[in-house]
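Novice: Shown below is the structure under consideration.
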Amino acid sequence: MADDDMKGPGFDPIADEYKTYEDYLDNQITATDMFYLEDVELARHLVELGIRGNGEVIRRDEFEQRKEAAEQARQARLNKKPKKLASQGKNVEEFPLLQALKDREEAVRNGKLTTIIFIRDVNSKKQEVSGYIDFGYRLKTENMEPYFDRKKRLMPRPTDLSFYNWETQTSTSNPTPNFQVIADNEAGLLFKNKRDRKVINVDPRLKPGDNSTRTELTTPEFLQVSFAKHQLVILLFVQFLLQQCRSGSNKGQKNGNR
């Protein structure tokens with residue numbers, strides 16, 4: 001276990017407590033499980049599948065990513081050197097999304113803020129996709145400087161919080177060190193902040209949650225840009241213009257964010 005004085009921004013209790021993924025699985029195996037199964041590998045497999053255990057089980061790849069992110073955060077605390085911002089020195093005033101991310105980057109990096117980005121656009125295969133991106137997690141796992149240099153375009157991926165491909169009907173959701181995804185409920189897609197345990201509702205037709213506000217912005221770049229602010233959490237929703245990417249056919253109206 002890490003000392004209390006090391007539990008600063010970026011601290012992940014799961015990554016800190018368990019040295020290996022097997023240790024994490026073993027913690028959810030009971031004496032009763034072993035009595036009936038008599039095979040620790042089988043018991044681990046059942047926990048990993050969610051058949052046994054005491055709650056939501058993270059996958060092996062997420063565990064490794066969280067271990068890596070936790071180690072990077074630990075090293076940053078030990079070094080106590082300010083990390084160069086990916087947006088530092090970048091002139092993005094004419095690009096509202098990048099400017100909004102630049103304004104928040106430092107607070108997100110030091111753990112004072114978390115940000116979710118919703119993007120809906122057409123990918124390189126001309127397929128319409130949408131998704132919710134944990135900005136803080138991207139900052140930890142990817143070099144974001146090319147985005148602020150406008151050499152790369154920020155797009156949702158199947159590994160983000162939520163992803164949907166409107167052409168293939170492919171849908172994925174993944175928890176991050178900052179957010180838990182709550183998808184199977186009558187309220188639609190929700191995200192729970194793992195720090196303050198507050199639930200964030202991203203449905204634009206509803207209030208985002210207690211002490212939260214959403215602000216719509218007008219920009220020629222995007223069809224819709226809105227902000228929903230809640231104490232530790234700022235949600236940044238961006239919907240790219242799709243008309244110029246379509247082949248002229250009307251794909252039909254798609255209601256709501258998926």
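So you can find residues: chains in the structure tokens are A, B, ... in the order shown, residues in each start at 1, and ligands are numbered from 1 in order.
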Can you tell me, as a ChimeraX atom specification, what residues are no more than 6 Å from range 190-196 of chain A when counting only C-alpha atoms, ignoring any on the same chain fewer than 6 positions away?
Specialist: /A:178-182
Novice: Those same residues - N, CA, C and O atoms - I'd like them written as a PDB file, in the first residue's frame.
Specialist:
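Ended up saving to result_23.pdb:
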```pdb
ATOM      1  N   ASN A 178     -11.307   7.485 -13.946  1.00  0.00           N
ATOM      2  CA  ASN A 178     -12.103   8.642 -13.514  1.00  0.00           C
ATOM      3  C   ASN A 178     -13.602   8.370 -13.478  1.00  0.00           C
ATOM      4  O   ASN A 178     -14.313   8.941 -12.645  1.00  0.00           O
ATOM      5  N   PHE A 179     -14.099   7.521 -14.382  1.00  0.00           N
ATOM      6  CA  PHE A 179     -15.537   7.350 -14.530  1.00  0.00           C
ATOM      7  C   PHE A 179     -15.949   5.885 -14.632  1.00  0.00           C
ATOM      8  O   PHE A 179     -15.250   5.066 -15.231  1.00  0.00           O
ATOM      9  N   GLN A 180     -17.112   5.599 -14.066  1.00  0.00           N
ATOM     10  CA  GLN A 180     -17.789   4.319 -14.253  1.00  0.00           C
ATOM     11  C   GLN A 180     -18.930   4.537 -15.229  1.00  0.00           C
ATOM     12  O   GLN A 180     -19.648   5.529 -15.142  1.00  0.00           O
ATOM     13  N   VAL A 181     -19.098   3.624 -16.176  1.00  0.00           N
ATOM     14  CA  VAL A 181     -20.166   3.727 -17.171  1.00  0.00           C
ATOM     15  C   VAL A 181     -21.396   2.973 -16.664  1.00  0.00           C
ATOM     16  O   VAL A 181     -21.306   1.815 -16.274  1.00  0.00           O
ATOM     17  N   ILE A 182     -22.539   3.665 -16.672  1.00  0.00           N
ATOM     18  CA  ILE A 182     -23.809   3.039 -16.294  1.00  0.00           C
ATOM     19  C   ILE A 182     -24.707   3.086 -17.521  1.00  0.00           C
ATOM     20  O   ILE A 182     -25.291   4.111 -17.842  1.00  0.00           O
TER      21      ILE A 182
END
```
Novice: Can you work out which one of A:Arg44, A:Arg157, A:Lys112, A:Arg205 has the shortest atom-to-atom distance to Ser130 in chain A, counting only C-alpha atoms?
Specialist: A:Arg157
Novice: Quick check, in Å to one decimal: how far apart do CA of Ala15 in chain A and CA of Tyr164 in chain A lie?
Specialist: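 If I compute the distance from CA of Ala15 in chain A to CA of Tyr164 in chain A, I get 28.5 Å.
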Novice: Of the candidates A:Glu145, A:Asp33, A:Glu106, A:Glu48, which one gets nearest to Asp61 in chain A if we count only C-alpha atoms?
Specialist: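 Checking each candidate against Asp61 in chain A, we get A:Glu48 as the closest.
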Novice: Have a look at CA of Lys84 in chain A and CA of Thr114 in chain A and let me know their distance in Å, one decimal.
Specialist: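 Those two atoms sit 18.4 Å apart.
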